[in-house]
>>> print(open('final_17.txt').read())   # compact mmCIF, C-alpha atoms
# COMPACT_ATOMS: atom_id res chain seq x y z
CA MET L 58 7.96 0.18 -20.07
CA LYS L 59 10.58 -2.43 -19.30
CA PHE L 60 9.79 -4.91 -16.50
CA LEU L 61 6.24 -3.58 -16.39
CA SER L 62 4.39 -3.96 -19.70
CA GLU L 63 5.67 -7.53 -20.21
CA PHE L 64 3.70 -8.49 -17.12
CA ARG L 65 0.50 -7.19 -18.73
CA ASP L 66 0.68 -9.39 -21.85
CA SER L 67 -2.76 -10.90 -22.45
CA ALA L 68 -1.41 -13.75 -24.61
CA LEU L 69 0.81 -14.85 -21.71
CA ALA L 70 -2.07 -14.45 -19.26
CA LYS L 71 -4.09 -17.08 -21.15
CA GLY L 72 -1.55 -19.76 -20.26
CA VAL L 73 -1.70 -19.03 -16.54
CA ILE L 74 -5.50 -18.75 -16.57
CA SER L 75 -5.73 -22.09 -18.35
CA GLN L 76 -3.47 -23.70 -15.74
CA ILE L 77 -5.56 -22.27 -12.89
CA HIS L 78 -8.76 -23.69 -14.44
CA HIS L 79 -7.01 -27.01 -14.88
CA ARG L 80 -5.77 -27.19 -11.30
CA SER L 81 -8.59 -25.72 -9.26
CA LYS L 82 -11.00 -28.38 -7.99
CA MET L 83 -11.82 -27.34 -4.42
CA SER L 84 -13.62 -24.11 -3.67
CA ALA L 85 -11.30 -21.57 -2.11
CA ARG L 86 -11.58 -18.05 -0.82
CA PHE L 87 -8.53 -15.83 -1.23
CA MET L 88 -8.06 -12.41 0.28
CA GLU L 89 -6.01 -9.80 -1.47
CA PHE L 90 -4.73 -7.78 1.47
CA CYS L 91 -3.58 -4.81 -0.55
CA GLY L 92 -5.71 -2.14 -2.21
CA GLY L 93 -3.23 -2.06 -5.11
CA HIS L 94 -4.09 -5.70 -5.81
CA THR L 95 -7.82 -4.89 -5.59
CA VAL L 96 -7.35 -2.32 -8.36
CA THR L 97 -5.37 -4.75 -10.57
CA ILE L 98 -7.99 -7.47 -10.06
CA PHE L 99 -10.84 -5.16 -11.08
CA ARG L 100 -9.05 -3.23 -13.83
CA TYR L 101 -7.99 -6.37 -15.69
CA GLY L 102 -11.17 -8.38 -15.07
CA ILE L 103 -9.31 -11.07 -13.13
CA ARG L 104 -12.38 -12.10 -11.10
CA GLN L 105 -14.22 -12.93 -14.33
CA ALA L 106 -11.25 -14.87 -15.71
CA LEU L 107 -10.99 -17.18 -12.69
CA PRO L 108 -12.94 -20.43 -12.30
CA GLU L 109 -16.08 -20.40 -10.14
CA THR L 110 -14.27 -22.37 -7.48
CA ILE L 111 -12.31 -19.25 -6.53
CA GLU L 112 -13.77 -16.40 -4.55
CA MET L 113 -11.78 -13.18 -4.13
CA LEU L 114 -12.16 -10.95 -1.12
CA SER L 115 -10.67 -7.49 -0.57
CA GLY L 116 -8.76 -6.85 2.64
CA PRO L 117 -7.82 -3.87 4.80
CA GLY L 118 -4.64 -2.94 2.89
CA CYS L 119 -5.46 0.63 1.99
CA PRO L 120 -3.66 3.08 4.31
CA VAL L 121 -6.05 5.94 3.52
CA CYS L 122 -9.08 3.73 4.22
CA VAL L 123 -7.87 2.48 7.59
CA THR L 124 -6.87 5.90 8.93
CA ALA L 125 -9.18 6.59 11.86
CA THR L 126 -11.48 9.61 11.78
CA ALA L 127 -9.88 10.94 14.99
CA ASP L 128 -6.44 10.96 13.33
CA LEU L 129 -7.83 12.70 10.29
CA ASP L 130 -9.48 15.30 12.53
CA LYS L 131 -6.09 15.88 14.14
CA ALA L 132 -4.51 16.54 10.73
CA ILE L 133 -7.32 18.94 9.84
CA ALA L 134 -6.92 20.76 13.17
CA LEU L 135 -3.14 21.01 12.58
CA ALA L 136 -3.82 22.61 9.19
CA GLN L 137 -5.62 25.41 11.00
CA VAL L 138 -2.64 26.30 13.23
CA PRO L 139 -1.09 29.62 12.08
CA ASP L 140 2.10 29.32 10.01
CA VAL L 141 1.68 25.58 9.54
CA ILE L 142 2.03 24.02 6.09
CA ILE L 143 0.54 20.55 5.84
CA ALA L 144 2.43 18.45 3.32
CA THR L 145 0.58 15.32 2.27
CA PHE L 146 0.28 12.64 -0.37
CA GLY L 147 -2.69 13.50 -2.59
CA ASP L 148 -4.80 10.51 -1.49
CA MET L 149 -5.60 12.12 1.86
CA LEU L 150 -7.02 15.42 0.62
CA LYS L 151 -10.61 14.37 0.00
CA VAL L 152 -11.09 11.96 2.90
CA PRO L 153 -13.91 13.31 5.07
CA GLY L 154 -13.11 13.81 8.75
CA SER L 155 -15.84 14.40 11.34
CA PHE L 156 -16.75 17.85 10.09
CA SER L 157 -14.42 18.72 7.22
CA SER L 158 -11.67 17.40 4.94
CA LEU L 159 -8.15 18.65 4.23
CA GLN L 160 -9.38 19.83 0.86
CA GLN L 161 -12.19 21.83 2.40
CA THR L 162 -9.85 23.28 5.02
CA LYS L 163 -7.48 24.27 2.22
CA ALA L 164 -10.35 25.98 0.35
CA GLU L 165 -11.04 27.92 3.54
CA GLY L 166 -7.50 29.27 3.55
CA ALA L 167 -5.30 26.66 5.27
CA ASP L 168 -1.92 25.94 3.66
CA VAL L 169 -2.24 22.30 2.58
CA ARG L 170 0.14 21.16 -0.15
CA MET L 171 0.27 17.91 -2.05
CA VAL L 172 3.70 16.31 -2.43
CA TYR L 173 4.96 13.32 -4.39
CA SER L 174 7.75 12.48 -1.97
CA THR L 175 8.94 13.29 1.55
CA MET L 176 11.99 14.83 -0.19
CA ASP L 177 9.63 17.56 -1.47
CA ALA L 178 8.36 18.16 2.08
CA VAL L 179 11.89 18.53 3.48
CA ARG L 180 12.73 20.97 0.68
CA MET L 181 9.55 22.89 1.49
CA ALA L 182 10.73 23.25 5.10
CA GLU L 183 14.13 24.49 3.90
CA GLU L 184 12.56 27.04 1.57
CA ASN L 185 10.05 28.30 4.15
CA PRO L 186 12.10 28.89 7.33
CA ASP L 187 9.35 31.10 8.83
CA LYS L 188 6.74 28.32 8.44
CA ARG L 189 6.36 24.96 10.15
CA VAL L 190 5.98 22.03 7.76
CA VAL L 191 4.03 19.03 9.06
CA PHE L 192 4.19 15.92 6.90
CA LEU L 193 1.23 13.54 7.22
CA GLY L 194 2.87 10.18 7.72
CA ILE L 195 0.27 7.86 6.27
CA GLY L 196 1.21 4.47 4.91
CA PHE L 197 2.40 0.95 5.59
CA GLU L 198 5.91 -0.50 5.76
CA THR L 199 6.51 0.47 2.12
CA THR L 200 6.24 4.17 2.94
CA ALA L 201 7.54 4.28 6.53
CA PRO L 202 11.26 3.94 5.56
CA THR L 203 10.91 6.94 3.23
CA ILE L 204 9.46 8.99 6.10
CA ALA L 205 12.28 7.78 8.36
CA ALA L 206 14.75 8.92 5.68
CA SER L 207 13.11 12.36 5.65
CA VAL L 208 13.50 12.72 9.42
CA LEU L 209 17.18 11.81 9.14
CA GLN L 210 17.56 14.26 6.27
CA ALA L 211 15.89 17.03 8.31
CA GLU L 212 18.29 16.23 11.18
CA GLU L 213 21.32 16.38 8.87
CA LYS L 214 20.13 19.73 7.51
CA ARG L 215 19.50 20.94 11.08
CA LEU L 216 15.93 21.87 10.22
CA GLU L 217 13.83 23.00 13.16
CA ASN L 218 10.59 23.45 11.21
CA TYR L 219 9.96 19.92 9.91
CA THR L 220 7.76 17.47 11.79
CA VAL L 221 5.89 14.27 10.97
CA LEU L 222 2.42 13.31 12.18
CA SER L 223 3.10 9.60 12.33
CA LEU L 224 -0.02 7.61 11.50
CA HIS L 225 1.88 4.66 10.05
CA LYS L 226 0.43 1.23 10.30
CA LEU L 227 1.96 -2.23 10.15
CA CYS L 228 0.47 -5.04 8.08
CA PRO L 229 1.23 -8.33 9.88
CA PRO L 230 -0.51 -7.28 13.16
CA VAL L 231 -3.76 -6.37 11.38
CA ILE L 232 -3.79 -9.68 9.51
CA LYS L 233 -3.37 -11.43 12.84
CA THR L 234 -6.26 -9.42 14.34
CA LEU L 235 -8.45 -10.21 11.35
CA LEU L 236 -7.71 -13.94 11.57
CA ASP L 237 -8.14 -14.03 15.36
CA SER L 238 -11.56 -12.37 15.06
CA GLY L 239 -12.88 -15.47 13.29
CA GLU L 240 -15.16 -13.24 11.18
CA VAL L 241 -13.68 -14.36 7.88
CA ARG L 242 -12.59 -17.78 6.72
CA LEU L 243 -9.66 -17.69 4.29
CA ASP L 244 -8.04 -20.41 2.19
CA GLY L 245 -5.24 -18.22 0.95
CA LEU L 246 -3.65 -14.82 1.41
CA ILE L 247 -2.29 -12.67 -1.40
CA CYS L 248 0.45 -10.87 0.51
CA PRO L 249 1.35 -7.27 -0.37
CA GLY L 250 4.30 -7.05 -2.76
CA HIS L 251 5.84 -3.73 -1.87
CA VAL L 252 5.29 -4.04 1.87
CA SER L 253 7.08 -7.39 1.55
CA ALA L 254 9.87 -5.79 -0.51
CA VAL L 255 10.69 -3.99 2.74
CA ILE L 256 9.77 -6.47 5.50
CA GLY L 257 10.48 -9.68 3.55
CA SER L 258 8.27 -12.67 2.87
CA THR L 259 9.32 -14.28 6.17
CA ALA L 260 7.05 -11.76 7.93
CA TRP L 261 4.06 -13.85 6.78
CA GLU L 262 5.30 -17.17 8.07
CA PHE L 263 3.07 -17.00 11.16
CA VAL L 264 -0.01 -17.00 8.89
CA ALA L 265 1.02 -20.23 7.14
CA ARG L 266 2.30 -21.88 10.33
CA ASP L 267 -0.21 -20.82 13.01
CA TYR L 268 -3.37 -20.53 10.90
CA GLY L 269 -2.62 -23.10 8.17
CA ILE L 270 -3.33 -20.52 5.47
CA PRO L 271 -1.30 -20.57 2.22
CA CYS L 272 0.50 -17.27 1.61
CA VAL L 273 1.92 -15.97 -1.67
CA VAL L 274 3.55 -12.56 -2.09
CA SER L 275 2.38 -10.93 -5.31
CA GLY L 276 3.44 -8.12 -7.59
CA PHE L 277 0.92 -5.66 -8.99
CA GLU L 278 0.69 -6.46 -12.68
CA PRO L 279 -2.08 -8.79 -13.89
CA LEU L 280 0.35 -11.64 -14.67
CA ASP L 281 1.81 -11.32 -11.15
CA VAL L 282 -1.62 -11.68 -9.57
CA LEU L 283 -2.54 -14.62 -11.82
CA GLN L 284 0.72 -16.38 -10.99
CA CYS L 285 0.03 -15.77 -7.32
CA VAL L 286 -3.50 -17.23 -7.58
CA ASP L 287 -2.08 -20.25 -9.42
CA MET L 288 0.45 -20.82 -6.64
CA LEU L 289 -2.26 -20.49 -3.98
CA VAL L 290 -4.48 -22.96 -5.85
CA THR L 291 -1.56 -25.41 -6.02
CA GLN L 292 -1.11 -25.15 -2.24
CA VAL L 293 -4.86 -25.54 -1.59
CA GLU L 294 -5.11 -28.60 -3.83
CA GLY L 295 -2.00 -30.11 -2.25
CA GLN L 296 -3.30 -29.27 1.25
CA ASP L 297 -0.14 -27.34 1.91
CA SER L 298 0.39 -24.06 3.72
CA LYS L 299 3.63 -22.21 3.25
CA VAL L 300 4.93 -18.80 2.23
CA GLU L 301 5.97 -18.39 -1.39
CA ILE L 302 6.93 -15.44 -3.56
CA ALA L 303 5.28 -14.82 -6.94
CA TYR L 304 7.14 -11.52 -7.27
CA ARG L 305 10.70 -12.74 -7.16
CA ARG L 306 12.04 -9.82 -9.16
CA GLY L 307 11.00 -7.45 -6.35
CA VAL L 308 10.93 -9.38 -3.09
CA GLN L 309 13.48 -11.38 -1.10
CA PRO L 310 12.65 -13.50 1.96
CA GLU L 311 14.64 -11.15 4.21
CA GLY L 312 13.29 -7.90 2.73
CA ASN L 313 15.40 -4.76 2.48
CA PRO L 314 17.76 -4.66 5.49
CA GLU L 315 18.75 -1.00 4.98
CA ALA L 316 15.11 0.16 4.84
CA LEU L 317 14.37 -1.86 7.98
CA ARG L 318 17.42 -0.38 9.71
CA LEU L 319 16.38 3.21 8.98
CA MET L 320 12.81 2.50 10.04
CA ASP L 321 13.96 0.95 13.30
CA ASN L 322 16.40 3.80 13.90
CA VAL L 323 13.66 6.47 13.74
CA PHE L 324 10.47 4.66 14.80
CA GLU L 325 9.27 2.39 17.56
CA HIS L 326 6.13 0.28 17.69
CA CYS L 327 3.00 1.65 19.34
CA SER L 328 -0.67 0.78 19.38
CA ALA L 329 -2.67 2.25 16.53
CA HIS L 330 -6.31 2.90 15.86
CA TRP L 331 -7.63 1.30 12.66
CA ARG L 332 -10.92 2.23 11.08
CA GLY L 333 -13.20 -0.75 11.41
CA MET L 334 -10.84 -2.71 13.59
CA GLY L 335 -10.31 -0.55 16.65
CA THR L 336 -7.05 -0.27 18.53
CA ILE L 337 -4.48 -2.94 17.72
CA PRO L 338 -1.39 -3.21 19.95
CA ASN L 339 2.01 -2.83 18.28
CA SER L 340 0.43 -2.11 14.91
CA GLY L 341 1.62 1.48 14.54
CA LEU L 342 4.85 3.45 14.47
CA ARG L 343 5.74 6.54 16.49
CA LEU L 344 8.98 8.50 16.48
CA ARG L 345 11.55 7.39 19.03
CA ARG L 346 12.34 9.68 21.96
CA THR L 347 15.58 10.80 20.29
CA TYR L 348 13.56 12.21 17.41
CA GLN L 349 10.75 13.79 19.44
CA ARG L 350 11.53 17.24 18.06
CA PHE L 351 10.39 15.94 14.67
CA ASP L 352 7.18 14.44 16.10
CA ALA L 353 4.15 16.66 15.39
CA ASP L 354 2.30 14.90 18.22
CA CYS L 355 4.90 16.19 20.72
CA VAL L 356 5.58 19.61 19.14
CA PHE L 357 1.94 20.67 18.75
CA ASP L 358 -0.75 20.47 21.41
CA ILE L 359 -3.79 19.53 19.37
CA ASP L 360 -7.19 18.43 20.61
CA PRO L 361 -9.62 18.14 17.72
CA GLY L 362 -12.53 17.23 20.04
CA PRO L 363 -14.98 14.36 19.74
CA THR L 364 -15.32 12.54 16.44
CA ARG L 365 -18.41 11.87 14.39
CA GLU L 366 -18.59 8.83 12.10
CA PRO L 367 -20.58 9.10 8.86
CA GLU L 368 -24.05 7.64 9.38
CA GLY L 369 -24.84 4.47 7.46
CA CYS L 370 -21.26 3.99 6.18
CA ILE L 371 -20.04 0.39 6.48
CA CYS L 372 -16.40 0.95 5.44
CA GLY L 373 -15.31 -0.72 8.68
CA ALA L 374 -17.08 -4.00 7.86
CA ILE L 375 -15.87 -3.83 4.23
CA LEU L 376 -12.27 -3.43 5.43
CA ARG L 377 -12.70 -6.54 7.61
CA GLY L 378 -13.92 -8.52 4.61
CA ILE L 379 -17.33 -9.31 6.14
CA ASN L 380 -19.27 -7.08 3.71
CA THR L 381 -18.76 -6.04 0.10
CA PRO L 382 -19.50 -2.50 -1.19
CA PRO L 383 -22.88 -3.37 -2.80
CA ASP L 384 -24.08 -4.39 0.71
CA CYS L 385 -23.95 -0.71 1.73
CA ASN L 386 -27.14 1.34 1.39
CA LEU L 387 -25.11 4.44 0.54
CA PHE L 388 -23.06 2.79 -2.23
CA GLY L 389 -23.60 4.39 -5.64
CA LYS L 390 -26.34 6.63 -4.23
CA ALA L 391 -25.33 8.99 -1.43
CA CYS L 392 -21.70 7.79 -1.73
CA THR L 393 -19.87 8.10 -5.08
CA PRO L 394 -16.28 8.99 -6.02
CA VAL L 395 -17.40 12.59 -6.64
CA ASN L 396 -19.18 12.87 -3.28
CA PRO L 397 -17.59 10.18 -1.12
CA VAL L 398 -19.03 9.51 2.34
CA GLY L 399 -16.50 6.93 3.47
CA PRO L 400 -12.75 6.54 2.85
CA CYS L 401 -13.11 3.32 0.81
CA MET L 402 -14.85 5.42 -1.85
CA VAL L 403 -12.28 8.26 -1.67
CA SER L 404 -9.09 6.32 -2.17
CA ALA L 405 -8.45 5.06 -5.69
CA GLU L 406 -7.43 1.81 -3.98
CA GLY L 407 -10.51 1.54 -1.79
CA SER L 408 -12.81 -1.42 -2.51
CA CYS L 409 -15.85 0.84 -2.89
CA SER L 410 -14.10 2.98 -5.48
CA ALA L 411 -12.90 -0.12 -7.39
CA TYR L 412 -16.39 -1.66 -7.33
CA TYR L 413 -17.93 1.62 -8.46
CA LEU L 414 -15.50 2.21 -11.31
CA TYR L 415 -15.22 -1.31 -12.66
CA GLU L 416 -18.44 -3.10 -11.70
CA GLY L 417 -20.83 -0.16 -12.10
CA GLY L 418 -22.20 2.11 -9.40
CA ASN L 419 -25.81 1.02 -9.78
CA ARG L 420 -25.43 -2.25 -7.90
CA GLY L 421 -25.95 -0.68 -4.53
CA GLY L 422 -28.55 -1.82 -1.99
CA MET T 105 -0.74 3.78 -2.00
CA CYS T 106 2.11 1.27 -2.04
CA LEU T 107 2.42 1.88 -5.77
CA ALA T 108 6.00 1.43 -6.96
CA ILE T 109 7.37 1.13 -10.47
CA PRO T 110 10.66 0.05 -12.03
CA ALA T 111 13.15 2.67 -13.20
CA LEU T 112 16.60 2.43 -14.80
CA ILE T 113 19.46 4.23 -13.02
CA LYS T 114 21.30 6.54 -15.44
CA SER T 115 23.65 8.31 -13.03
CA ILE T 116 24.30 8.60 -9.29
CA ASP T 117 25.60 11.64 -7.39
CA LYS T 118 27.44 11.80 -4.08
CA ASN T 119 24.26 12.49 -2.09
CA HIS T 120 22.89 9.03 -2.94
CA GLU T 121 20.53 10.61 -5.40
CA ALA T 122 20.07 9.22 -8.88
CA GLU T 123 18.83 10.32 -12.26
CA VAL T 124 16.49 7.56 -13.49
CA ASP T 125 14.55 6.73 -16.61
CA MET T 126 10.98 5.82 -15.72
CA GLY T 127 9.49 4.65 -19.01
CA GLY T 128 10.96 7.56 -20.95
CA ILE T 129 10.49 10.14 -18.20
CA ALA T 130 13.59 11.45 -16.42
CA ARG T 131 13.24 11.69 -12.65
CA ARG T 132 15.46 12.32 -9.68
CA ILE T 133 15.14 9.77 -6.89
CA SER T 134 16.84 8.89 -3.61
CA LEU T 135 18.93 5.73 -3.24
CA ARG T 136 19.13 6.07 0.52
CA LEU T 137 17.26 2.79 1.05
CA THR T 138 19.29 0.91 -1.58
CA PRO T 139 22.86 2.23 -1.14
CA GLU T 140 24.33 -0.69 -3.12
CA ALA T 141 22.40 0.21 -6.31
CA GLU T 142 24.57 0.94 -9.35
CA VAL T 143 24.22 2.66 -12.71
CA GLY T 144 22.43 0.21 -15.06
CA ASP T 145 20.39 -1.36 -12.26
CA TYR T 146 16.63 -1.25 -12.33
CA VAL T 147 15.20 -0.15 -9.00
CA ILE T 148 11.61 -0.26 -7.72
CA VAL T 149 10.63 3.31 -6.95
CA HIS T 150 8.03 4.33 -4.37
CA THR T 151 7.35 8.03 -3.64
CA GLY T 152 10.75 9.10 -4.92
CA TYR T 153 12.78 6.41 -3.13
CA ALA T 154 14.16 3.17 -4.51
CA ILE T 155 12.79 0.54 -2.10
CA ASN T 156 14.58 -2.39 -3.73
CA ILE T 157 16.82 -3.35 -6.62
CA LEU T 158 14.89 -5.26 -9.28
CA ASP T 159 16.31 -8.72 -9.88
CA GLN T 160 16.47 -8.80 -13.69
CA GLN T 161 17.40 -12.48 -13.82
CA GLU T 162 14.34 -13.44 -11.77
CA ALA T 163 12.13 -11.24 -13.97
CA LEU T 164 13.33 -12.99 -17.12
CA GLU T 165 12.89 -16.43 -15.55
CA THR T 166 9.31 -15.60 -14.53
CA LEU T 167 8.54 -14.41 -18.07
CA LYS T 168 10.05 -17.61 -19.50
CA LEU T 169 7.71 -19.61 -17.25
CA PHE T 170 4.71 -17.64 -18.54
CA GLU T 171 5.78 -18.29 -22.12
CA GLN T 172 5.99 -22.03 -21.47
CA LEU T 173 2.51 -22.01 -19.92
CA ALA T 174 1.08 -20.03 -22.84
CA GLN T 175 2.64 -22.47 -25.30
CA ALA T 176 1.29 -25.47 -23.39
CA ALA T 177 -2.21 -23.92 -23.34
CA GLN T 178 -2.05 -23.29 -27.07
CA GLU T 179 -1.02 -26.85 -27.82
CA GLU T 180 -3.95 -28.14 -25.79
CA HIS T 181 -6.45 -26.32 -28.03
>>> encode(input="final_17.txt", output="structure tokens")
Amino acid sequence: MKFLSEFRDSALAKGVISQIHHRSKMSARFMEFCGGHTVTIFRYGIRQALPETIEMLSGPGCPVCVTATADLDKAIALAQVPDVIIATFGDMLKVPGSFSSLQQTKAEGADVRMVYSTMDAVRMAEENPDKRVVFLGIGFETTAPTIAASVLQAEEKRLENYTVLSLHKLCPPVIKTLLDSGEVRLDGLICPGHVSAVIGSTAWEFVARDYGIPCVVSGFEPLDVLQCVDMLVTQVEGQDSKVEIAYRRGVQPEGNPEALRLMDNVFEHCSAHWRGMGTIPNSGLRLRRTYQRFDADCVFDIDPGPTREPEGCICGAILRGINTPPDCNLFGKACTPVNPVGPCMVSAEGSCSAYYLYEGGNRGG
Amino acid sequence: MCLAIPALIKSIDKNHEAEVDMGGIARRISLRLTPEAEVGDYVIVHTGYAINILDQQEALETLKLFEQLAQAAQEEH
């Protein structure tokens, strides 16, 4: 596939790996923020290819993983409202809430449908005028503009049966929270490529400037990640801290102005609850007042009741980078991809799932 | 979840929707977030929307850099 497979060429990778080994003298700990990068790093054995000086740490960049149990319970409760169709990306189906999951609720008769795009959800609303379609708005800045576009599309089509449960989260505020907590020491940040395609690489400048941490925006193919690590190593060795782009074919410093415009048109910032990190001010998106009729939170009066967190699950600490999956007593035993206890094992991009699939599930506890 | 892959625009209709070739598979996507995209452009597609136009020149330059590094590594051995 053009502009994809070339960036997986193992012969080319050898050159970058050799340069990293050549350059890296000081020990450095890099965090890959994004779950997509975690998967690339594990799938292509990048950890093993890097010199011992470099330690890689997974971050909180998995939207499914950071969705709070209370929000998930709300989605499950919404699925039980008569005449409601829940439209969702597939990743959310198996995530356990306090007492059930969307998949289980669907098996019990609720109308929960998996979609590939918000365009499918809008079409579903058009084709089912006697039903109310609720789209589960999960995702970071990459996804939020597509949800904004769906709200505008629903408005243009004068749909009265399309709403969004907005659980969107923003990446820069959670990085700030993580760094302010002082729980993890980082020497470099692998910034998310597709989030940055929307918000621009300039969004990370505060990390380089205020915390002195080198930042490089990376694409998702193995050569992209290797190039990114090489650029981080160069900054570390040169005692530099700036924002660079290793994914120049996909990311500009200013991002995508039209996507940002649509997002700002439909959404405003609000505080959001993150699994493992609590409530972070201005780290979420809710629909603006003008679009309240498309806001499931305003249209439906839902109280899912008190939440219950899975006992023994340390997903929260794993998302903060202070524990790795093998530290968890449930990992590979009570918690596996077939019977996941926590969200980091459910999502294909969760660190627990990546560890289990690529490092073997028998390393637990 | 932020998975996005490159696709070649084959045709564009008046609703800002495009027929694209995604590694041999034909798909219909929205260009609402990249209204300036044209036929022949590669776009980066996430959940049915182009989130950016792929800069082909930059892609080729990055690959050229990798080739130089690979050659240098080979010469060292």
>>> atom_distance(input="final_17.txt", atom1="atom CA of T:Tyr146", atom2="atom CA of L:Phe197")
23.0 Å
>>> atom_distance(input="final_17.txt", atom1="atom CA of L:Gly407", atom2="atom CA of L:Phe64")
23.2 Å
>>> interface_residues(input="final_17.txt", of="chain T", to="chain L", cutoff="6 Å", atoms="all atoms listed in the file", output="number ranges by chain")
T: 127, 137, 151-152, 158-159, 162-163, 170, 173-174, 177
>>> closest_residue(input="final_17.txt", among="L:Ile359, L:Ile337, L:Val141, L:Val300", to="L:Ser258", atoms="only C-alpha atoms")
L:Val300
>>> residues_around(input="final_17.txt", residues="stretch 345-355 of chain L", least_positions_apart="2", cutoff="6 Å", atoms="only C-alpha atoms", output="PyMOL selection string")
chain L and resi 220-222+323-325+357
>>> residues_around(input="final_17.txt", residues="stretch 138-144 of chain T", least_positions_apart="3", cutoff="7 Å", atoms="all atoms listed in the file", output="MDAnalysis selection string")
(chainID L and resid 315) or (chainID T and resid 112:116 135 154:157)
>>> residues_near_point(input="final_17.txt", point="(-7.3, -7.7, -10.2)", cutoff="12 Å", atoms="all atoms listed in the file", output="compact mmCIF listing (two decimals) with C-alpha atoms, in the frame of the given file")
# COMPACT_ATOMS: atom_id res chain seq x y z
CA ARG L 65 0.50 -7.19 -18.73
CA MET L 88 -8.06 -12.41 0.28
CA GLU L 89 -6.01 -9.80 -1.47
CA PHE L 90 -4.73 -7.78 1.47
CA CYS L 91 -3.58 -4.81 -0.55
CA GLY L 92 -5.71 -2.14 -2.21
CA GLY L 93 -3.23 -2.06 -5.11
CA HIS L 94 -4.09 -5.70 -5.81
CA THR L 95 -7.82 -4.89 -5.59
CA VAL L 96 -7.35 -2.32 -8.36
CA THR L 97 -5.37 -4.75 -10.57
CA ILE L 98 -7.99 -7.47 -10.06
CA PHE L 99 -10.84 -5.16 -11.08
CA ARG L 100 -9.05 -3.23 -13.83
CA TYR L 101 -7.99 -6.37 -15.69
CA GLY L 102 -11.17 -8.38 -15.07
CA ILE L 103 -9.31 -11.07 -13.13
CA ARG L 104 -12.38 -12.10 -11.10
CA GLN L 105 -14.22 -12.93 -14.33
CA ALA L 106 -11.25 -14.87 -15.71
CA LEU L 107 -10.99 -17.18 -12.69
CA MET L 113 -11.78 -13.18 -4.13
CA LEU L 114 -12.16 -10.95 -1.12
CA SER L 115 -10.67 -7.49 -0.57
CA ILE L 247 -2.29 -12.67 -1.40
CA SER L 275 2.38 -10.93 -5.31
CA GLY L 276 3.44 -8.12 -7.59
CA PHE L 277 0.92 -5.66 -8.99
CA GLU L 278 0.69 -6.46 -12.68
CA PRO L 279 -2.08 -8.79 -13.89
CA LEU L 280 0.35 -11.64 -14.67
CA ASP L 281 1.81 -11.32 -11.15
CA VAL L 282 -1.62 -11.68 -9.57
CA LEU L 283 -2.54 -14.62 -11.82
CA GLN L 284 0.72 -16.38 -10.99
CA CYS L 285 0.03 -15.77 -7.32
CA VAL L 286 -3.50 -17.23 -7.58
CA GLU L 406 -7.43 1.81 -3.98
CA SER L 408 -12.81 -1.42 -2.51
CA ALA L 411 -12.90 -0.12 -7.39
CA TYR L 412 -16.39 -1.66 -7.33
CA TYR L 415 -15.22 -1.31 -12.66
>>> atom_distance(input="final_17.txt", atom1="atom CA of L:Val190", atom2="atom CA of L:Gly166")
15.9 Å
>>> residues_around(input="final_17.txt", residues="L:Asn380", least_positions_apart="4", cutoff="12 Å", atoms="all atoms listed in the file", output="MDAnalysis selection string")
chainID L and resid 114:117 240:241 333 370:376 384:386 408:409
>>> residues_around(input="final_17.txt", residues="stretch 185-188 of chain L", least_positions_apart="6", cutoff="7 Å", atoms="only C-alpha atoms", output="PDB file with C-alpha atoms, keeping the file's coordinate frame")
ATOM      1  CA  ASP L 140       2.100  29.320  10.010  1.00  0.00           C
ATOM      2  CA  VAL L 141       1.680  25.580   9.540  1.00  0.00           C
ATOM      3  CA  ILE L 142       2.030  24.020   6.090  1.00  0.00           C
ATOM      4  CA  ASN L 218      10.590  23.450  11.210  1.00  0.00           C
TER       5      ASN L 218
END
>>> residues_near_point(input="final_17.txt", point="(11.4, 3.0, -7.5)", cutoff="6 Å", atoms="only C-alpha atoms", output="count of residues only")
10
>>> residues_around(input="final_17.txt", residues="T:Arg131", least_positions_apart="5", cutoff="9 Å", atoms="all atoms listed in the file", output="list in words")
Ala122, Glu123, Val124, Asp125, Met126 and Gly152 of chain T
>>> decode(input="final_17.txt", residues="stretch 135-141 of chain T", atoms="N, CA and C atoms", output="CSV table (one decimal), in the first residue's frame")
chain,number,residue,atom,x,y,z
T,135,LEU,N,-14.8,14.5,2.7
T,135,LEU,CA,-13.7,15.5,2.7
T,135,LEU,C,-14.0,16.7,3.4
T,136,ARG,N,-15.0,16.6,4.3
T,136,ARG,CA,-15.5,17.8,5.0
T,136,ARG,C,-14.4,18.5,5.8
T,137,LEU,N,-13.4,17.7,6.3
T,137,LEU,CA,-12.4,18.3,7.1
T,137,LEU,C,-11.2,18.8,6.3
T,138,THR,N,-11.2,18.4,5.0
T,138,THR,CA,-10.1,18.8,4.1
T,138,THR,C,-10.7,19.3,2.8
T,139,PRO,N,-11.4,20.4,2.8
T,139,PRO,CA,-12.2,20.8,1.6
T,139,PRO,C,-11.3,21.1,0.4
T,140,GLU,N,-10.0,21.4,0.7
T,140,GLU,CA,-9.1,21.7,-0.5
T,140,GLU,C,-8.5,20.5,-1.2
T,141,ALA,N,-8.8,19.3,-0.7
T,141,ALA,CA,-8.3,18.1,-1.3
T,141,ALA,C,-8.8,17.9,-2.7
